[in-house]
Amino acid sequence: MASDVRTSRGQLSPQARFLLMALPGALFVVTFLILPMVSILVFSFWRTESYNLIPDWNLQNYFTIFSTPTYLTFLLRSVLTAVAVSLFALIYSWPIAYFMAKHGGRYRLLLSLAVAAPFFTGVILRISGIQGIMGPVGLINMGLMNFGIPPVEILMYTQTASGIGIAYLFIPFMVTAIYLSLLNFDFELLEVAKINGARAWRAFIEITLPLNWIGTVIGLILVFVPALGDSITSRFLGGPNAASFGQVLSMQFGESGTWALGSAMGIVLFAASSLVIYLMWRTVNLRRSGFTGMEG
Amino acid sequence: MRVRGLGDLAARSGGALLLVTLYVFLYAPIAYVIYTSFQKDLNWPFPPSWTLTHYADLAADRTYQEGLVNSILLGLGSAVICTLFATLGSIAVLKYRSRWRALMVIIYLCPLFVADLLVGISNLLFNRQILNLPGNMGSAMIGNAVHCTSFAFLIMLAQLSRYDWRLDDAAMVFGARPLRCFFEITLPLIWPAMFGAFVVSFILAFNNLEISFYNLGAIPTLPTIAWGSLRFGLGGELFALAALVNGVVLAAFTVMYLLMRYRIVSFGHRE
Amino acid sequence: MADFVLELEGVTKRFGSVTAADNLSLKVAQGEFFALLGPSGSGKTTLLRIIAGLELPDSGRVLINGQDVTTLPPYARRVGMVFQNFLLFPHKTVGENVVFPLRMQGVPKDRQRERLDWALKLLRLEGLAERYPNQLSGGQQQRVALARGLISEPALLLLDEPLANLDRELRKEMEVEVRRYQVELTTPFIYVTHNQEEALTMSDRIAVMSHGRFEQVAPKLEVYTHPQSPFVAAFVGHSNRMRGRLIRVDGEMAWLDWNGVEIIVPRPASASAGSAVDYFVKCENLSLAGPDDPGPALPGNRLPGTLQDVIFKGPTADYLAKLQNGAELTITDAVSLPRIGRGDPVHVVWSPAAGQCFPVTGG
């Protein structure tokens with residue numbers, strides 16, 4: 001009681017201040033992300049009739065998804081592509097982010113902004129740029145044909161082409177996530193490791209990677225989630241043989257107007273990404289991450 | 001010693017080389033877009049036949065100007081909303097010990113786990129079925145802001161994790177009320193982080209296709225115009241516009257580089 | 001005007017299961033230099049933060065100049081404070097940092113300038129007003145923090161381990177300076193430290209803290225020479241501890257069986273034969289004698305042993321003597337002793353009243 005009275009006389013308790021500051025944003029996310037997601041979960045058990053959702057509870061939508069071989073193929077293809085792209089991005093981004101954070105000097109902000117700047121150009125234009133360069137009638141293949149060399153078939157409406165496009169779009173997220181993590185990393189710890197006899201790669205495995213693992217996992221999530229949900233890149237670069245799950249999902253909200261089925265596909269997509277994120281998060285040990293923000 | 005120096009040098013130049021490949025990878029399509037914007041034939045612009053017609057068309061067509069204005073509005077609105085929430089949230093999480101802290105962090109990071117496409121369609125159905133709301137600018141702003149809140153939050157968290165909150169204690173002991181303390185001490189020290197969060201959110205919302213497309217209704221923005229014109233092949237005006245935007249970005253980067261080169265502004269870097 | 005600048009009445013603060021301040025009461029008068037001395041985790045910084053208003057006590061009252069400020073927020077208390085890591089505002093110049101409290105109080109500009117000149121002169125910071133904190137040395141930063149704490153003529157100045165981050169030489173120098181400012185200004189200083197030398201050098205009175213409680217609050221000499229609890233006896237100064245059981249008691253005296261060696265100790269109140277006690281003697285109260293030196297006539301302790309090592313400390317040295325019961329004693333004595341070396345037989349001599357004897361609690 002006594003402390004309540006004091007609280008009312010000008011000094012809010014830290015707990016109250018915390019909630020006052022953190023709650024608005026949390027409520028915002030709950031209202032405009034979690035509630036809509038819950039609503040499509042509900043709709044996924046309904047059915048659609050001439051562009052209207054009918055609350056007629058059934059499991060037909062899920063049955064359709066899991067009994068249609070093409071949908072399952074698309075889902076599997078999307079998951080495998082997303083995993084492959086994430087792993088490639090991981091291996092490719094680490095040395096780049098490391099170089100920027102350690103050797104960027106006073107230009108490192110500029111170097112990191114230059115990684116993010118392609119986002120100033122719309123996705124569609126950038127993809128059409130990629131198409132212009134490596135598509136069937138693009139710069140590379142037409143150039144090769146000019147010299148009488150057969151075109152690189154792997155770049156012509158294939159899963160690989162689609163994967164390259166996805167990597168192109170989302171690698172900047174991975175580089176930035178690792179870079180931001182490394183900004184708070186004390187590179188002198190590596191000197192300690194080296195003085196104690198660790199070779200460079202050993203010091204990396206023992207010190208650098210564990211202490212930046214949260215940032216790395218966040219980078220993986222930032223690449224994996226949009227890669228899994230991709231519907232645009234595969235449409236442009238993948239062609240008919242590399243259609244993705246996101247593509248058929250968005251189709252339910254376009255021409256066919258089967259929202260209930262689309263909602264169910266959305267839930268399946270979300271479940272698939274949640275599962276992978278859960279697996280990745282299991283590798284995080286907050287106590288050993290050096291992440292001081294959460295220790296208390 | 002020499003050998004270790006060489007190894008270090010190799011690692012360093014290897015990193016630099018990879019960074020260069022990344023830049024080439026990232027900017028080649030953009031360079032292609034800029035190049036094409038000056039070409040008569042958009043589909044096979046070789047050998048070059050230079051023209052400025054696309055720029056003239058762009059200047060004449062009100063649709064693109066409207067789209068640009070809408071995109072900027074959408075970007076600004078979303079960026080303001082999510083920077084505000086992310087700033088408050090990140091300060092709360094870093095400054096106060098609370099048993100709700102882990103939960104709050106998870107909620108703020110939730111949008112990362114949901115693909116754009118899902119944010120778009122779930123908001124579409126939620127607005128239509130439950131709020132009975134047709135597509136509008138506000139819904140699109142909110143949808144994008146939700147998505148960007150996580151990004152803004154992560155950026156703030158990374159930049160503020162070394163901020164010493166006891167500076168606020170010091171200011172309070174010397175007579176600064178909480179609001180005064182915020183404007184005198186906290187804000188001047190955290191604005192670079194807020195600015196970074198704002199810029200990133202702005203860019204993401206400005207060019208967002210999937211959230212905007214499902215929630216804007218008939219309001220055109222640049223990405224939705226591009227999407228809509230795909231049926232007939234992308235218009236040259238879009239290439240011209242992208243080239244102009246990149247010109248502005250390049251100019252801004254050049255200015256930043258010069259300011260850093262001659263040490264006029266350090267942009268937060270301390271030697 | 002109240003008699004005391006600062007009064008604490010039964011201040012209690014708990015963090016979960018830890019009691020950081022346990023029913024603490026205290027009065028500090030104008031002109032006093034008061035030290036809160038204790039190991040880390042003893043609650044001294046929490047107490048300081050309660051006085052500053054940065055923590056709210058669970059119960060009890062805080063009065064400044066007779067006014068109850070318990071529930072006032074820090075910005076309404078007008079106390080000065082010097083923080084452990086200085087906490088200078090990195091984006092403000094020295095001048096802006098120092099003048100900050102006056103600006104917050106809405107003091108007119110010309111008065112601000114006047115006070116700034118005064119503070120910079122007092123702390124020998126003239127010419128540095130335009131610098132930024134990261135352009136200053138540690139000692140200069142320390143003085144800026146002091147100037148900022150003192151500029152508004154606060155009712156009292158709180159100092160939270162202000163010298164902990166300075167190197168030894170600078171610390172010695174600053175100890176003298178801080179004391180000088182306090183004497184000059186007569187503002188009461190509440191000085192938190194874990195360093196007993198700092199507390200003993202600078203303060204008038206010392207409160208020794210442990211586990212959120214005051215072990216002893218007394219003038220510094222008394223704390224040093226007459227510790228009231230085993231904790232104070234062990235923590236202040238460098239002491240030898242001898243634990244054993246009393247064999248017999250006789251008036252003010254008692255005989256202690258310390259690992260098979262019999263020594264005479266002052267009799268602790270309410271102790272009788274068979275009680276377990278701790279006997280503390282400061283190292284400098286022991287002295288060394290050659291085996292052939294005649295002992296003093298008074299009843300005293302004289303234990304034979306061998307010299308293990310000599311640690312040279314400048315004007316004095318620490319002598320380590322190993323007694324026949326295997327225990328070691330440290331003796332601080334003048335270096336100009338007759339030349340004795342490692343392995344020589346020595347006698348350790350002291351008067352029983354030079355030490356304090358306490359019953360062993362909980363055992």
# chains A, B, ... in the order shown; residues from 1 in each chain; ligands from 1
>>> interface_residues(of="chain C", to="chain B", cutoff="6 Å", atoms="only C-alpha atoms", output="VMD selection string")
chain C and resid 74 to 75 87 101 104
>>> write_last_selection(atoms="N, CA and C atoms", output="compact mmCIF listing (two decimals), in the first residue's frame")
# COMPACT_ATOMS: atom_id res chain seq x y z
N PRO C 74 14.17 12.48 -7.55
CA PRO C 74 15.54 13.01 -7.43
C PRO C 74 15.66 14.47 -7.87
N TYR C 75 14.91 14.83 -8.92
CA TYR C 75 15.10 16.19 -9.46
C TYR C 75 14.52 17.26 -8.55
N LEU C 87 30.07 9.64 -15.24
CA LEU C 87 28.81 9.88 -15.93
C LEU C 87 28.70 11.31 -16.43
N PRO C 101 23.26 21.53 -13.67
CA PRO C 101 22.31 21.63 -12.55
C PRO C 101 21.68 23.01 -12.45
N MET C 104 18.98 23.43 -15.03
CA MET C 104 17.77 22.70 -14.68
C MET C 104 16.97 23.45 -13.62
>>> interface_residues(of="chain C", to="chain A", cutoff="7 Å", atoms="only C-alpha atoms", output="PyMOL selection string")
chain C and resi 58+71+73
>>> closest_residue(among="B:Gly247, B:Gly236, B:Gly75, B:Gly89", to="chain A", atoms="only C-alpha atoms")
B:Gly89
>>> select_by_dssp(residues="region 75-121 of chain C", states="alpha helix (DSSP H)", output="NGL selection string")
:C and (94-104 or 109-121)
>>> closest_atom_pairs(of="chain B", to="chain A", cutoff="7 Å", atoms="only C-alpha atoms", output="JSON lines")
{"residue": "B:Arg12", "atom": "CA", "partner": "A:Phe99", "partner_atom": "CA", "distance": 6.8}
{"residue": "B:Gly15", "atom": "CA", "partner": "A:Phe99", "partner_atom": "CA", "distance": 5.3}
{"residue": "B:Ala16", "atom": "CA", "partner": "A:Phe99", "partner_atom": "CA", "distance": 6.6}
{"residue": "B:Leu18", "atom": "CA", "partner": "A:Ile96", "partner_atom": "CA", "distance": 6.1}
{"residue": "B:Leu19", "atom": "CA", "partner": "A:Ile96", "partner_atom": "CA", "distance": 5.3}
{"residue": "B:Leu26", "atom": "CA", "partner": "A:Tyr168", "partner_atom": "CA", "distance": 6.7}
{"residue": "B:Pro29", "atom": "CA", "partner": "A:Gly129", "partner_atom": "CA", "distance": 4.2}
{"residue": "B:Ile30", "atom": "CA", "partner": "A:Arg126", "partner_atom": "CA", "distance": 6.2}
{"residue": "B:Tyr32", "atom": "CA", "partner": "A:Gly129", "partner_atom": "CA", "distance": 5.7}
{"residue": "B:Val33", "atom": "CA", "partner": "A:Gly129", "partner_atom": "CA", "distance": 5.5}
{"residue": "B:Phe85", "atom": "CA", "partner": "A:Gly25", "partner_atom": "CA", "distance": 4.7}
{"residue": "B:Ala86", "atom": "CA", "partner": "A:Gly25", "partner_atom": "CA", "distance": 6.9}
{"residue": "B:Leu88", "atom": "CA", "partner": "A:Met21", "partner_atom": "CA", "distance": 5.1}
{"residue": "B:Gly89", "atom": "CA", "partner": "A:Ala22", "partner_atom": "CA", "distance": 4.3}
{"residue": "B:Ala92", "atom": "CA", "partner": "A:Phe18", "partner_atom": "CA", "distance": 5.0}
{"residue": "B:Leu94", "atom": "CA", "partner": "A:Gly293", "partner_atom": "CA", "distance": 6.0}
{"residue": "B:Tyr96", "atom": "CA", "partner": "A:Phe18", "partner_atom": "CA", "distance": 6.0}
{"residue": "B:Arg97", "atom": "CA", "partner": "A:Gly296", "partner_atom": "CA", "distance": 6.7}
{"residue": "B:Ser98", "atom": "CA", "partner": "A:Gln15", "partner_atom": "CA", "distance": 6.1}
{"residue": "B:Met104", "atom": "CA", "partner": "A:Ala26", "partner_atom": "CA", "distance": 6.6}
{"residue": "B:Ile107", "atom": "CA", "partner": "A:Ala26", "partner_atom": "CA", "distance": 6.0}
{"residue": "B:Tyr108", "atom": "CA", "partner": "A:Ala26", "partner_atom": "CA", "distance": 6.2}
{"residue": "B:Pro111", "atom": "CA", "partner": "A:Leu33", "partner_atom": "CA", "distance": 7.0}
{"residue": "B:Leu112", "atom": "CA", "partner": "A:Leu222", "partner_atom": "CA", "distance": 6.6}
{"residue": "B:Phe113", "atom": "CA", "partner": "A:Val225", "partner_atom": "CA", "distance": 6.2}
{"residue": "B:Val114", "atom": "CA", "partner": "A:Phe270", "partner_atom": "CA", "distance": 6.6}
{"residue": "B:Ala115", "atom": "CA", "partner": "A:Pro226", "partner_atom": "CA", "distance": 5.1}
{"residue": "B:Asp116", "atom": "CA", "partner": "A:Pro226", "partner_atom": "CA", "distance": 6.9}
{"residue": "B:Leu117", "atom": "CA", "partner": "A:Gly229", "partner_atom": "CA", "distance": 6.6}
{"residue": "B:Leu118", "atom": "CA", "partner": "A:Gly266", "partner_atom": "CA", "distance": 6.2}
{"residue": "B:Val119", "atom": "CA", "partner": "A:Leu33", "partner_atom": "CA", "distance": 6.8}
{"residue": "B:Ser122", "atom": "CA", "partner": "A:Pro36", "partner_atom": "CA", "distance": 5.0}
{"residue": "B:Asn123", "atom": "CA", "partner": "A:Pro36", "partner_atom": "CA", "distance": 5.5}
{"residue": "B:Phe126", "atom": "CA", "partner": "A:Pro36", "partner_atom": "CA", "distance": 5.2}
{"residue": "B:Gly143", "atom": "CA", "partner": "A:Phe32", "partner_atom": "CA", "distance": 6.9}
{"residue": "B:Val146", "atom": "CA", "partner": "A:Val29", "partner_atom": "CA", "distance": 5.9}
{"residue": "B:Ala158", "atom": "CA", "partner": "A:Leu180", "partner_atom": "CA", "distance": 6.2}
{"residue": "B:Ile203", "atom": "CA", "partner": "A:Phe120", "partner_atom": "CA", "distance": 6.0}
{"residue": "B:Leu204", "atom": "CA", "partner": "A:Phe119", "partner_atom": "CA", "distance": 7.0}
{"residue": "B:Asn207", "atom": "CA", "partner": "A:Gly122", "partner_atom": "CA", "distance": 5.2}
{"residue": "B:Pro223", "atom": "CA", "partner": "A:Gly122", "partner_atom": "CA", "distance": 6.0}
{"residue": "B:Ala226", "atom": "CA", "partner": "A:Ile124", "partner_atom": "CA", "distance": 6.8}
{"residue": "B:Ala242", "atom": "CA", "partner": "A:Thr121", "partner_atom": "CA", "distance": 6.0}
{"residue": "B:His269", "atom": "CA", "partner": "A:Arg106", "partner_atom": "CA", "distance": 5.9}
>>> write_last_selection(atoms="N, CA and C atoms", output="short mmCIF file (atom, residue, chain, number, x, y, z; two decimals), in the first residue's frame")
data_model
loop_
_atom_site.label_atom_id
_atom_site.label_comp_id
_atom_site.auth_asym_id
_atom_site.auth_seq_id
_atom_site.Cartn_x
_atom_site.Cartn_y
_atom_site.Cartn_z
N ARG B 12 42.15 -10.31 -44.93
CA ARG B 12 41.57 -9.00 -45.12
C ARG B 12 41.21 -8.75 -46.58
N GLY B 15 38.19 -10.77 -47.57
CA GLY B 15 36.95 -10.12 -47.15
C GLY B 15 36.58 -8.99 -48.08
N ALA B 16 37.59 -8.18 -48.40
CA ALA B 16 37.34 -7.04 -49.29
C ALA B 16 36.84 -7.53 -50.64
N LEU B 18 35.26 -10.33 -51.34
CA LEU B 18 33.87 -10.81 -51.22
C LEU B 18 32.90 -9.63 -51.18
N LEU B 19 33.30 -8.58 -50.46
CA LEU B 19 32.44 -7.40 -50.38
C LEU B 19 32.23 -6.81 -51.76
N LEU B 26 24.83 -7.07 -56.23
CA LEU B 26 23.67 -6.27 -55.85
C LEU B 26 23.37 -5.16 -56.85
N PRO B 29 22.08 -5.64 -61.49
CA PRO B 29 20.71 -5.48 -62.02
C PRO B 29 20.25 -4.02 -62.00
N ILE B 30 20.69 -3.29 -60.97
CA ILE B 30 20.28 -1.89 -60.89
C ILE B 30 20.95 -1.09 -62.00
N TYR B 32 21.78 -2.30 -64.77
CA TYR B 32 21.07 -2.70 -65.99
C TYR B 32 19.79 -1.88 -66.15
N VAL B 33 19.07 -1.70 -65.03
CA VAL B 33 17.82 -0.93 -65.06
C VAL B 33 18.11 0.51 -65.48
N PHE B 85 7.24 3.28 -31.84
CA PHE B 85 7.02 2.09 -31.01
C PHE B 85 8.35 1.40 -30.70
N ALA B 86 9.22 1.30 -31.70
CA ALA B 86 10.48 0.58 -31.49
C ALA B 86 11.38 1.32 -30.52
N LEU B 88 10.44 3.38 -28.00
CA LEU B 88 9.90 3.18 -26.65
C LEU B 88 10.17 1.75 -26.17
N GLY B 89 9.89 0.80 -27.05
CA GLY B 89 10.04 -0.60 -26.67
C GLY B 89 11.49 -0.95 -26.36
N ALA B 92 12.60 0.58 -23.07
CA ALA B 92 12.00 -0.14 -21.94
C ALA B 92 12.75 -1.43 -21.68
N LEU B 94 15.80 -2.32 -22.52
CA LEU B 94 17.20 -2.19 -22.11
C LEU B 94 17.34 -1.55 -20.74
N TYR B 96 14.86 -1.16 -18.07
CA TYR B 96 14.18 -1.65 -16.88
C TYR B 96 14.24 -3.17 -16.80
N ARG B 97 14.38 -3.65 -15.57
CA ARG B 97 14.31 -5.07 -15.34
C ARG B 97 12.86 -5.39 -15.01
N SER B 98 12.29 -6.27 -15.79
CA SER B 98 10.90 -6.61 -15.52
C SER B 98 10.70 -8.06 -15.91
N MET B 104 7.97 -9.33 -23.94
CA MET B 104 7.90 -8.15 -24.80
C MET B 104 8.85 -8.29 -25.99
N ILE B 107 7.31 -10.53 -28.51
CA ILE B 107 6.22 -9.90 -29.25
C ILE B 107 6.77 -8.92 -30.29
N TYR B 108 7.78 -8.14 -29.89
CA TYR B 108 8.34 -7.17 -30.84
C TYR B 108 9.01 -7.87 -32.02
N PRO B 111 6.85 -10.11 -35.84
CA PRO B 111 6.67 -9.84 -37.27
C PRO B 111 7.77 -10.44 -38.13
N LEU B 112 8.95 -10.70 -37.55
CA LEU B 112 10.03 -11.30 -38.33
C LEU B 112 9.66 -12.70 -38.79
N PHE B 113 8.79 -13.36 -38.02
CA PHE B 113 8.50 -14.77 -38.29
C PHE B 113 7.38 -14.93 -39.32
N VAL B 114 6.81 -13.82 -39.74
CA VAL B 114 5.67 -13.89 -40.66
C VAL B 114 6.08 -13.24 -41.98
N ALA B 115 5.98 -14.00 -43.07
CA ALA B 115 6.37 -13.47 -44.37
C ALA B 115 5.44 -12.32 -44.77
N ASP B 116 6.00 -11.38 -45.56
CA ASP B 116 5.23 -10.24 -46.08
C ASP B 116 3.87 -10.66 -46.61
N LEU B 117 3.92 -11.71 -47.43
CA LEU B 117 2.70 -12.18 -48.09
C LEU B 117 1.62 -12.50 -47.06
N LEU B 118 2.04 -13.14 -45.95
CA LEU B 118 1.06 -13.50 -44.92
C LEU B 118 0.56 -12.28 -44.17
N VAL B 119 1.47 -11.33 -43.89
CA VAL B 119 1.02 -10.08 -43.26
C VAL B 119 -0.01 -9.43 -44.17
N SER B 122 -3.37 -11.67 -44.34
CA SER B 122 -4.09 -11.77 -43.07
C SER B 122 -4.71 -10.42 -42.71
N ASN B 123 -3.98 -9.33 -43.00
CA ASN B 123 -4.56 -8.01 -42.75
C ASN B 123 -5.74 -7.75 -43.69
N PHE B 126 -8.63 -9.79 -42.35
CA PHE B 126 -9.01 -9.25 -41.04
C PHE B 126 -9.80 -7.95 -41.23
N GLY B 143 -0.08 -2.06 -41.79
CA GLY B 143 0.48 -3.35 -42.16
C GLY B 143 1.99 -3.28 -42.33
N VAL B 146 3.76 -2.65 -38.91
CA VAL B 146 3.90 -3.86 -38.10
C VAL B 146 5.13 -4.64 -38.56
N ALA B 158 20.46 -3.00 -31.14
CA ALA B 158 21.87 -3.17 -31.44
C ALA B 158 22.64 -1.88 -31.14
N ILE B 203 12.45 2.85 -46.24
CA ILE B 203 12.77 2.17 -47.50
C ILE B 203 11.92 0.92 -47.67
N LEU B 204 11.81 0.13 -46.57
CA LEU B 204 11.08 -1.13 -46.67
C LEU B 204 9.61 -0.87 -47.01
N ASN B 207 8.94 0.65 -50.72
CA ASN B 207 9.00 -0.27 -51.85
C ASN B 207 8.27 -1.57 -51.60
N PRO B 223 5.38 0.39 -56.34
CA PRO B 223 5.45 -1.07 -56.54
C PRO B 223 4.15 -1.65 -57.08
N ALA B 226 3.95 -0.96 -60.76
CA ALA B 226 4.85 -1.87 -61.48
C ALA B 226 4.21 -3.24 -61.61
N ALA B 242 13.09 4.55 -61.49
CA ALA B 242 14.07 3.83 -60.68
C ALA B 242 15.46 4.44 -60.86
N HIS B 269 30.98 7.83 -35.90
CA HIS B 269 32.21 7.05 -35.75
C HIS B 269 33.21 7.79 -34.89
#
